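model_15.txt follows (compact mmCIF, C-alpha atoms and all ligand atoms):
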# COMPACT_ATOMS: atom_id res chain seq x y z
CA MET A 279 116.33 62.76 103.19
CA ALA A 280 118.54 65.12 105.26
CA GLU A 281 119.81 63.79 108.57
CA VAL A 282 119.06 66.89 110.65
CA TYR A 283 116.31 69.45 110.04
CA SER A 284 116.22 73.06 111.19
CA PHE A 285 113.69 75.39 112.82
CA GLU A 286 113.15 76.93 109.38
CA ASP A 287 112.27 73.45 108.08
CA LEU A 288 109.85 72.92 110.97
CA ILE A 289 107.94 76.11 110.14
CA HIS A 290 107.40 74.80 106.61
CA TRP A 291 107.15 71.15 107.64
CA ASN A 292 103.94 70.14 105.88
CA ALA A 293 105.07 71.67 102.59
CA LEU A 294 108.60 70.35 102.93
CA THR A 295 107.52 66.79 103.63
CA ALA A 296 104.48 66.64 101.34
CA GLY A 297 106.10 63.94 99.18
CA TRP A 298 107.14 61.68 102.05
CA GLN A 299 105.55 58.24 102.17
CA LEU A 300 105.70 58.25 105.95
CA PRO A 301 104.98 61.67 107.44
CA GLY A 302 107.38 63.07 110.05
CA ARG A 303 105.23 62.96 113.18
CA LEU A 304 107.74 62.64 116.02
CA ALA A 305 111.01 64.46 116.59
CA VAL A 306 113.87 65.10 118.94
CA PHE A 307 114.70 68.78 119.53
CA GLY A 308 118.26 69.54 120.60
CA ASP A 309 121.44 71.52 120.05
CA PRO A 310 123.55 69.56 119.25
CA VAL A 311 121.26 66.82 117.96
CA ALA A 312 123.09 65.06 115.12
CA HIS A 313 124.47 62.47 117.57
CA SER A 314 121.01 61.43 118.79
CA ARG A 315 120.23 57.78 118.19
CA SER A 316 116.56 58.12 119.08
CA PRO A 317 115.42 57.70 115.44
CA GLN A 318 117.17 54.30 115.40
CA MET A 319 114.79 52.96 118.05
CA HIS A 320 111.59 54.92 117.40
CA ASN A 321 111.44 54.28 113.66
CA PRO A 322 111.54 50.47 114.10
CA ALA A 323 108.95 50.86 116.90
CA LEU A 324 106.60 52.81 114.61
CA LYS A 325 107.06 50.21 111.86
CA GLU A 326 106.50 47.26 114.21
CA THR A 327 103.28 48.74 115.60
CA GLY A 328 101.97 49.79 112.16
CA ILE A 329 101.81 53.49 113.06
CA ALA A 330 102.24 55.53 109.86
CA GLY A 331 104.90 58.08 110.65
CA GLN A 332 108.56 58.67 111.17
CA TYR A 333 110.78 60.16 113.85
CA VAL A 334 113.27 62.89 112.85
CA ARG A 335 116.04 65.03 114.37
CA LEU A 336 115.54 68.80 114.57
CA LEU A 337 118.34 71.21 115.42
CA ILE A 338 116.49 73.73 117.60
CA ARG A 339 118.49 76.48 119.27
CA GLU A 340 117.72 77.68 122.78
CA GLU A 341 115.93 80.85 121.63
CA GLU A 342 113.86 78.90 119.08
CA LEU A 343 112.31 76.47 121.56
CA PRO A 344 109.11 78.43 122.46
CA ALA A 345 108.16 78.87 118.80
CA ALA A 346 109.27 75.36 117.87
CA LEU A 347 106.98 73.84 120.53
CA ARG A 348 104.07 75.89 119.22
CA GLU A 349 104.71 74.54 115.72
CA LEU A 350 104.28 70.92 116.83
CA SER A 351 100.50 70.86 116.68
CA ARG A 352 100.35 73.21 113.67
CA GLN A 353 102.54 70.88 111.66
CA GLY A 354 100.73 67.69 112.67
CA PHE A 355 103.30 66.27 115.09
CA LEU A 356 102.13 63.83 117.78
CA GLY A 357 104.96 64.62 120.15
CA ALA A 358 108.66 65.22 120.64
CA ASN A 359 111.62 64.40 122.82
CA LEU A 360 113.79 67.19 124.19
CA THR A 361 117.51 66.97 124.76
CA ILE A 362 120.32 69.46 125.54
CA PRO A 363 119.68 72.34 126.27
CA HIS A 364 115.88 72.33 126.39
CA LYS A 365 114.73 70.11 129.24
CA VAL A 366 114.52 72.72 131.98
CA ALA A 367 113.26 75.59 129.81
CA ALA A 368 110.37 73.43 128.56
CA LEU A 369 108.88 73.27 132.07
CA GLY A 370 107.45 76.76 131.58
CA LEU A 371 106.51 76.32 127.93
CA VAL A 372 103.99 73.45 128.01
CA ASP A 373 100.36 73.67 129.07
CA ARG A 374 100.54 71.01 131.78
CA LEU A 375 103.05 68.76 133.50
CA THR A 376 102.76 65.15 134.60
CA ASP A 377 103.77 64.24 138.17
CA SER A 378 107.01 62.85 136.85
CA ALA A 379 107.98 66.11 135.09
CA ARG A 380 106.92 68.13 138.15
CA HIS A 381 109.02 66.05 140.56
CA LEU A 382 112.04 65.74 138.27
CA ARG A 383 111.68 69.43 137.26
CA THR A 384 112.56 68.71 133.65
CA VAL A 385 110.68 67.69 130.52
CA ASN A 386 112.15 65.20 128.06
CA THR A 387 108.90 64.13 126.40
CA VAL A 388 106.14 66.34 125.01
CA ARG A 389 102.76 65.01 123.87
CA VAL A 390 100.43 66.95 121.61
CA GLU A 391 96.89 66.48 122.95
CA PRO A 392 93.85 66.22 120.63
CA ASP A 393 93.00 69.89 121.33
CA GLY A 394 96.52 70.97 120.31
CA THR A 395 97.73 71.73 123.84
CA LEU A 396 101.03 70.30 125.08
CA SER A 397 101.69 67.98 128.01
CA GLY A 398 105.20 67.71 129.41
CA HIS A 399 106.44 64.43 130.86
CA ASN A 400 109.77 63.01 132.04
CA THR A 401 110.96 59.49 131.30
CA ASP A 402 114.68 60.07 132.00
CA GLY A 403 114.44 59.26 135.72
CA PRO A 404 112.53 55.97 135.38
CA GLY A 405 114.58 55.13 132.26
CA LEU A 406 117.82 55.57 134.19
CA SER A 407 116.47 53.43 136.98
CA ARG A 408 115.70 50.52 134.66
CA ALA A 409 119.06 50.89 132.90
CA VAL A 410 121.08 50.83 136.14
CA GLU A 411 119.19 47.80 137.35
CA GLU A 412 119.78 46.04 134.02
CA ALA A 413 123.50 46.94 134.01
CA PHE A 414 124.42 46.21 137.61
CA GLY A 415 121.56 44.13 138.99
CA GLY A 416 120.70 46.49 141.84
CA PRO A 417 118.08 49.24 142.20
CA LEU A 418 118.99 52.92 142.70
CA GLY A 419 117.33 52.80 146.09
CA GLY A 420 119.89 50.47 147.64
CA GLN A 421 123.03 52.45 146.79
CA ARG A 422 125.01 55.48 147.92
CA ILE A 423 125.22 57.56 144.77
CA LEU A 424 127.48 60.31 143.44
CA ILE A 425 126.04 62.30 140.54
CA LEU A 426 128.41 64.29 138.31
CA GLY A 427 126.58 67.19 136.66
CA ALA A 428 123.75 67.04 139.19
CA GLY A 429 122.67 70.60 138.38
CA GLY A 430 121.80 69.87 134.73
CA GLY A 431 118.52 68.45 133.46
CA ALA A 432 119.54 64.79 133.46
CA GLY A 433 121.43 65.20 136.73
CA ARG A 434 118.44 66.68 138.52
CA ALA A 435 116.22 63.88 137.21
CA ALA A 436 118.75 61.28 138.38
CA ALA A 437 118.98 62.85 141.83
CA VAL A 438 115.24 63.06 142.41
CA GLN A 439 114.62 59.58 140.99
CA SER A 440 117.31 58.14 143.30
CA ALA A 441 115.78 59.84 146.34
CA LEU A 442 112.25 58.77 145.39
CA GLU A 443 113.50 55.17 145.22
CA GLY A 444 114.97 55.40 148.71
CA CYS A 445 118.67 56.02 148.08
CA PRO A 446 120.32 56.44 151.53
CA ALA A 447 123.03 58.95 150.54
CA LEU A 448 123.48 61.30 147.60
CA VAL A 449 126.56 63.36 146.71
CA LEU A 450 125.66 66.02 144.17
CA ALA A 451 128.60 67.38 142.16
CA ASN A 452 128.29 70.35 139.85
CA ARG A 453 130.74 72.84 138.39
CA THR A 454 128.26 75.67 139.07
CA LEU A 455 127.31 75.17 142.71
CA ALA A 456 124.35 77.56 142.62
CA LYS A 457 122.57 75.26 140.16
CA VAL A 458 122.70 72.25 142.43
CA GLU A 459 121.54 73.94 145.62
CA SER A 460 117.90 73.91 144.54
CA VAL A 461 118.22 70.20 143.69
CA ALA A 462 119.53 69.48 147.19
CA ALA A 463 116.73 71.53 148.78
CA GLU A 464 114.12 69.68 146.76
CA ILE A 465 115.48 66.29 147.81
CA ARG A 466 115.60 67.27 151.47
CA GLY A 467 111.92 68.23 151.16
CA LEU A 468 110.94 65.11 149.22
CA ARG A 469 112.82 62.57 151.32
CA PRO A 470 114.51 63.80 154.50
CA GLU A 471 115.93 60.28 155.17
CA THR A 472 118.33 60.65 152.21
CA SER A 473 121.54 62.39 153.29
CA VAL A 474 122.57 64.99 150.73
CA GLU A 475 126.01 66.51 150.24
CA ILE A 476 126.99 69.09 147.62
CA ILE A 477 130.47 69.26 146.11
CA ASP A 478 131.97 71.32 143.30
CA GLY A 479 133.38 68.34 141.39
CA SER A 480 137.01 69.46 141.77
CA PRO A 481 139.56 66.61 141.88
CA GLU A 482 140.05 67.17 145.64
CA SER A 483 136.32 67.05 146.39
CA LEU A 484 135.97 63.85 144.34
CA ARG A 485 138.93 62.23 146.10
CA ARG A 486 137.12 62.78 149.39
CA ALA A 487 133.70 61.65 148.13
CA LEU A 488 134.42 58.52 146.08
CA PRO A 489 135.39 56.13 148.90
CA GLY A 490 131.94 56.69 150.45
CA VAL A 491 129.79 55.85 147.43
CA ASP A 492 128.78 52.69 145.55
CA LEU A 493 127.45 54.08 142.27
CA ILE A 494 128.86 56.98 140.23
CA LEU A 495 126.53 58.48 137.62
CA ASN A 496 127.79 60.88 134.98
CA ALA A 497 124.97 63.22 134.03
CA SER A 498 127.26 65.97 132.75
CA SER A 499 128.04 66.46 129.10
CA VAL A 500 131.77 66.07 129.76
CA GLY A 501 133.00 63.11 127.72
CA MET A 502 130.86 63.70 124.64
CA LYS A 503 133.95 65.02 122.87
CA VAL A 504 136.84 62.58 122.70
CA ASP A 505 139.35 65.21 123.85
CA ASP A 506 137.28 66.23 126.92
CA PRO A 507 139.30 66.25 130.16
CA ALA A 508 138.94 63.49 132.78
CA LEU A 509 136.05 64.29 135.13
CA VAL A 510 137.36 62.07 137.91
CA PRO A 511 141.03 61.41 138.75
CA ALA A 512 141.75 57.90 137.44
CA ASP A 513 143.36 56.68 140.67
CA VAL A 514 140.30 57.14 142.89
CA PHE A 515 138.12 54.39 141.40
CA LEU A 516 137.72 51.20 143.42
CA PRO A 517 136.91 47.71 142.06
CA ARG A 518 133.61 47.75 144.00
CA HIS A 519 132.44 50.93 142.22
CA ARG A 520 129.73 50.83 139.62
CA VAL A 521 130.02 53.62 137.07
CA TYR A 522 127.14 54.58 134.80
CA ASP A 523 127.79 57.20 132.12
CA MET A 524 124.63 58.64 130.55
CA ILE A 525 126.71 59.42 127.46
CA TYR A 526 126.53 56.74 124.76
CA ALA A 527 128.45 58.48 121.96
CA PRO A 528 131.36 57.84 122.21
CA GLU A 529 130.54 54.34 123.40
CA ARG A 530 133.28 54.35 126.00
CA THR A 531 134.14 57.72 127.59
CA ARG A 532 137.38 58.42 129.39
CA LEU A 533 135.45 58.10 132.66
CA LEU A 534 134.41 54.55 131.77
CA GLU A 535 137.89 53.66 130.49
CA ASP A 536 139.54 54.83 133.70
CA ALA A 537 136.95 53.15 135.93
CA ALA A 538 137.14 49.86 134.01
CA ALA A 539 140.95 49.92 134.20
CA ALA A 540 140.61 50.12 138.00
CA GLY A 541 138.38 47.04 137.98
CA ALA A 542 135.04 48.85 138.46
CA SER A 543 131.85 47.72 136.68
CA VAL A 544 130.87 50.15 133.94
CA ALA A 545 128.01 50.79 131.50
CA ASN A 546 127.22 53.54 129.02
CA GLY A 547 123.96 55.43 128.46
CA LEU A 548 122.55 53.30 125.65
CA ALA A 549 120.23 51.29 127.90
CA MET A 550 118.99 54.53 129.48
CA LEU A 551 118.27 55.83 125.99
CA LEU A 552 116.34 52.63 125.29
CA TRP A 553 114.24 52.70 128.47
CA GLN A 554 113.45 56.41 128.41
CA GLY A 555 112.43 55.86 124.77
CA VAL A 556 110.23 52.87 125.63
CA LEU A 557 108.45 54.94 128.28
CA ALA A 558 108.11 57.92 125.90
CA PHE A 559 106.56 55.69 123.21
CA GLU A 560 104.09 54.33 125.76
CA TYR A 561 103.21 57.87 126.83
CA TRP A 562 102.62 59.07 123.26
CA PHE A 563 100.57 56.08 122.16
CA ASP A 564 99.10 54.68 125.38
CA ARG A 565 100.09 51.14 124.40
CA PRO A 566 103.00 48.81 125.18
CA ALA A 567 106.16 49.63 123.23
CA PRO A 568 107.84 46.95 121.09
CA VAL A 569 110.94 46.77 123.29
CA GLY A 570 112.63 44.04 121.20
CA ALA A 571 112.43 46.10 117.98
CA MET A 572 113.71 49.19 119.79
CA ARG A 573 116.58 47.25 121.36
CA ARG A 574 117.56 45.76 118.01
CA GLY A 575 117.39 49.22 116.41
CA LEU A 576 120.00 50.43 118.88
CA GLY A 577 122.14 47.32 118.44
CA LEU A 578 121.73 46.48 122.13
P1 LIG A 601 122.35 70.06 130.60
O1 LIG A 601 121.06 70.33 131.28
O2 LIG A 601 122.88 71.07 129.62
O3 LIG A 601 123.45 69.82 131.75
C1 LIG A 601 124.81 69.72 131.45
C2 LIG A 601 125.59 69.41 132.72
O4 LIG A 601 126.97 69.22 132.36
C3 LIG A 601 125.57 70.53 133.77
O5 LIG A 601 125.56 69.97 135.05
C4 LIG A 601 126.89 71.26 133.49
O6 LIG A 601 127.42 71.94 134.60
C5 LIG A 601 127.79 70.09 133.15
N1 LIG A 601 128.95 70.54 132.39
C6 LIG A 601 128.97 70.97 131.11
N2 LIG A 601 130.24 71.30 130.75
C7 LIG A 601 131.02 71.05 131.83
C8 LIG A 601 132.41 71.17 132.10
N3 LIG A 601 133.26 71.59 131.17
N4 LIG A 601 132.87 70.82 133.32
C9 LIG A 601 132.03 70.35 134.28
N5 LIG A 601 130.68 70.20 134.09
C10 LIG A 601 130.20 70.56 132.89
O7 LIG A 601 122.33 68.68 129.79
P2 LIG A 601 121.43 67.36 130.07
O8 LIG A 601 120.25 67.40 129.19
O9 LIG A 601 121.25 67.20 131.52
O10 LIG A 601 122.41 66.23 129.49
C11 LIG A 601 123.61 65.91 130.14
C12 LIG A 601 124.24 64.65 129.54
O11 LIG A 601 123.42 63.52 129.78
C13 LIG A 601 124.45 64.73 128.04
O12 LIG A 601 125.65 64.10 127.71
C14 LIG A 601 123.28 63.93 127.49
O13 LIG A 601 123.55 63.39 126.22
C15 LIG A 601 123.17 62.85 128.56
N6 LIG A 601 121.82 62.24 128.61
C16 LIG A 601 121.70 60.95 128.20
C17 LIG A 601 120.45 60.34 128.26
C18 LIG A 601 120.33 58.93 127.82
O14 LIG A 601 119.20 58.51 127.56
N7 LIG A 601 121.38 58.16 127.78
C19 LIG A 601 119.34 61.05 128.71
C20 LIG A 601 119.52 62.35 129.13
C21 LIG A 601 120.76 62.95 129.07
P3 LIG A 601 127.07 73.50 134.89
O15 LIG A 601 125.76 73.48 135.62
O16 LIG A 601 128.19 73.98 135.72
O17 LIG A 601 126.98 74.17 133.55
Please re-express this file's structure in structure tokens.
Amino acid sequence: MAEVYSFEDLIHWNALTAGWQLPGRLAVFGDPVAHSRSPQMHNPALKETGIAGQYVRLLIREEELPAALRELSRQGFLGANLTIPHKVAALGLVDRLTDSARHLRTVNTVRVEPDGTLSGHNTDGPGLSRAVEEAFGGPLGGQRILILGAGGGAGRAAAVQSALEGCPALVLANRTLAKVESVAAEIRGLRPETSVEIIDGSPESLRRALPGVDLILNASSVGMKVDDPALVPADVFLPRHRVYDMIYAPERTRLLEDAAAAGASVANGLAMLLWQGVLAFEYWFDRPAPVGAMRRGLGL
């Protein structure tokens, strides 16, 4: 069985997989997608709950997403997860959105309804919330938070989730400032009590911002490649900082290395992957997810 399937494969899915003992019924769409560890938790979950099916990775390019989503019901899929770069685009491509997807303005989970229509949901925000609590023992709501990459899909979800949970102060950093302005406007509308500042993520802007925050979240894709540059100057971390990197491959990014060396508490994105996956499973199947099997699948 190939590790990663293509859009071409999806179009011919039923024929291609006719000989499989367990039909491919769930997938993650992304580009890149080979790094995704979602199959490692969803396949044990399917096995544990006796649901006949398997979860596969599909390399779907940006321009292929509309057609790929339409193929889901045609090819007998029950649902899919979306990762880079599809989460924002999917908002306009599904038939309806849950409150969570509407508020977080991104879709990471799609469910195929019995009539073949698609519902878009978001479990990244609540998944992040559970992961941060598990890692550092405190809820998002009680902390002043800096989000790196706040204009991307995961960053927007993190920002809105933090505000919805009552975070007192948010600093939103993004290389492309225009992308984060709408996030700031949305948060001001949703929860005026949360103070919101926008910065461009330059070393100078981070030097000014870091002393005033408790939790630093990396929601950018910087760090996925081992030779990526440092996002934050190493000498600005404080021992009281908590640093959560949504990236989990590599296990320890340069950001986490530098923060840990300064005495800060750090955690990678594996627990967020787990919890967003648990919530996605529960959305697809309307039943409790086997968290223990999923955790073991990820080696957590
Ligand atoms: P996305 O929508 O494509 O957003 C990417 C973000 O990274 C944008 O803010 C982008 O800034 C920023 N960025 C990219 N290259 C940059 C660079 N060279 N310098 C500075 N900023 C840069 O992707 P996403 O879906 O939000 O995912 C972002 C990351 O979160 C990925 O690493 C993904 O694997 C991770 N994630 C993990 C989980 C989990 O469960 N652990 C869940 C969701 C996402 P611009 O706006 O300027 O382009």
- request: Show me which residues sit within 6 Å of ligand LIG 601 (chain A) when counting only C-alpha atoms and all ligand atoms, and put them as a list in words.
  value: Thr361, Ile362, Pro363, Asp402, Gly427, Ala428, Gly429, Gly430, Gly431, Ala432, Gly433, Asn452, Arg453, Thr454, Lys457, Ala497, Ser498, Ser499, Val500, Met524, Ile525, Gly547, Leu548, Met550 and Leu551 of chain A
task: Select, from A:Glu529, A:Asp478, A:Glu326, A:Glu412, the residue with the minimum atom-to-atom distance to A:Arg574, counting all atoms listed in the file.
output: A:Glu326
statement: atom CA of A:Gly575 to atom CA of A:Gly302 measures 18.2 Å
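Straight-line separation from atom CA of A:Phe563 to atom CA of A:Leu324: 10.2 Å.
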message: Excluding A:Pro517 and its own-chain neighbours fewer than 4 positions away, which residues fall within 10 Å of it when counting all atoms listed in the file? Please give them as an MDAnalysis selection string.
response: chainID A and resid 537:543
query: Residues at most 10 Å from A:Ala305, counting only C-alpha atoms, excluding those fewer than 6 positions away in the same chain, as a PyMOL selection string?
result: chain A and resi 283+316-317+320+332-336+350+355-360+388
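Among the candidates A:Gln421, A:Thr327, A:Gln439, A:Asn496, the residue lying nearest to A:His381 is A:Gln439 (atoms considered: all atoms listed in the file).
Considering the residues A:Leu557, A:Leu424, A:His313, A:Pro481 and counting all atoms listed in the file, A:Leu495 has its shortest atom-to-atom contact with A:Leu424.
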When you look at A:Asp536 with a cut-off of 9 Å (counting only C-alpha atoms), what residues show up, excluding the ones that are within fewer than 4 positions of it in the same chain? I need them as a PDB file with C-alpha atoms, keeping the file's coordinate frame.
ATOM      1  CA  ALA A 508     138.940  63.490 132.780  1.00  0.00           C
ATOM      2  CA  VAL A 510     137.360  62.070 137.910  1.00  0.00           C
ATOM      3  CA  PRO A 511     141.030  61.410 138.750  1.00  0.00           C
ATOM      4  CA  ALA A 512     141.750  57.900 137.440  1.00  0.00           C
ATOM      5  CA  ASP A 513     143.360  56.680 140.670  1.00  0.00           C
ATOM      6  CA  PHE A 515     138.120  54.390 141.400  1.00  0.00           C
ATOM      7  CA  THR A 531     134.140  57.720 127.590  1.00  0.00           C
ATOM      8  CA  ARG A 532     137.380  58.420 129.390  1.00  0.00           C
ATOM      9  CA  ALA A 540     140.610  50.120 138.000  1.00  0.00           C
ATOM     10  CA  GLY A 541     138.380  47.040 137.980  1.00  0.00           C
ATOM     11  CA  ALA A 542     135.040  48.850 138.460  1.00  0.00           C
TER      12      ALA A 542
END
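From atom CA of A:Glu459 back to atom CA of A:Arg380, the distance works out to 17.4 Å.
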task: Please provide as number ranges by chain all residues within 12 Å of A:Arg339, with the sequence filter that same-chain residues fewer than 6 positions apart are discarded (counting only C-alpha atoms).
output: A: 283-286, 307-311, 345-347, 360-364, 367
Dump N, CA and C atoms of stretch 554-565 of chain A from the given block, as a PDB file, in the first residue's frame.
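result-v1.pdb, freshly written:
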ATOM      1  N   GLN A 554      -7.303  17.368  18.546  1.00  0.00           N
ATOM      2  CA  GLN A 554      -8.147  17.749  17.402  1.00  0.00           C
ATOM      3  C   GLN A 554      -8.654  16.484  16.715  1.00  0.00           C
ATOM      4  N   GLY A 555      -7.840  15.408  16.745  1.00  0.00           N
ATOM      5  CA  GLY A 555      -8.238  14.140  16.137  1.00  0.00           C
ATOM      6  C   GLY A 555      -9.355  13.460  16.925  1.00  0.00           C
ATOM      7  N   VAL A 556      -9.254  13.515  18.231  1.00  0.00           N
ATOM      8  CA  VAL A 556     -10.301  12.937  19.096  1.00  0.00           C
ATOM      9  C   VAL A 556     -11.642  13.633  18.788  1.00  0.00           C
ATOM     10  N   LEU A 557     -11.596  14.956  18.716  1.00  0.00           N
ATOM     11  CA  LEU A 557     -12.831  15.711  18.470  1.00  0.00           C
ATOM     12  C   LEU A 557     -13.357  15.479  17.051  1.00  0.00           C
ATOM     13  N   ALA A 558     -12.430  15.291  16.080  1.00  0.00           N
ATOM     14  CA  ALA A 558     -12.860  14.993  14.707  1.00  0.00           C
ATOM     15  C   ALA A 558     -13.543  13.623  14.657  1.00  0.00           C
ATOM     16  N   PHE A 559     -12.959  12.637  15.318  1.00  0.00           N
ATOM     17  CA  PHE A 559     -13.533  11.282  15.347  1.00  0.00           C
ATOM     18  C   PHE A 559     -14.948  11.337  15.931  1.00  0.00           C
ATOM     19  N   GLU A 560     -15.089  12.104  17.004  1.00  0.00           N
ATOM     20  CA  GLU A 560     -16.407  12.196  17.664  1.00  0.00           C
ATOM     21  C   GLU A 560     -17.415  12.910  16.762  1.00  0.00           C
ATOM     22  N   TYR A 561     -16.938  13.840  15.965  1.00  0.00           N
ATOM     23  CA  TYR A 561     -17.824  14.538  15.020  1.00  0.00           C
ATOM     24  C   TYR A 561     -18.251  13.608  13.884  1.00  0.00           C
ATOM     25  N   TRP A 562     -17.309  12.827  13.360  1.00  0.00           N
ATOM     26  CA  TRP A 562     -17.661  11.913  12.265  1.00  0.00           C
ATOM     27  C   TRP A 562     -18.636  10.833  12.717  1.00  0.00           C
ATOM     28  N   PHE A 563     -18.394  10.283  13.917  1.00  0.00           N
ATOM     29  CA  PHE A 563     -19.123   9.083  14.301  1.00  0.00           C
ATOM     30  C   PHE A 563     -20.136   9.283  15.415  1.00  0.00           C
ATOM     31  N   ASP A 564     -20.196  10.505  15.963  1.00  0.00           N
ATOM     32  CA  ASP A 564     -21.174  10.806  17.007  1.00  0.00           C
ATOM     33  C   ASP A 564     -21.101   9.797  18.160  1.00  0.00           C
ATOM     34  N   ARG A 565     -19.908   9.488  18.576  1.00  0.00           N
ATOM     35  CA  ARG A 565     -19.676   8.569  19.698  1.00  0.00           C
ATOM     36  C   ARG A 565     -18.334   8.923  20.329  1.00  0.00           C
TER      37      ARG A 565
END
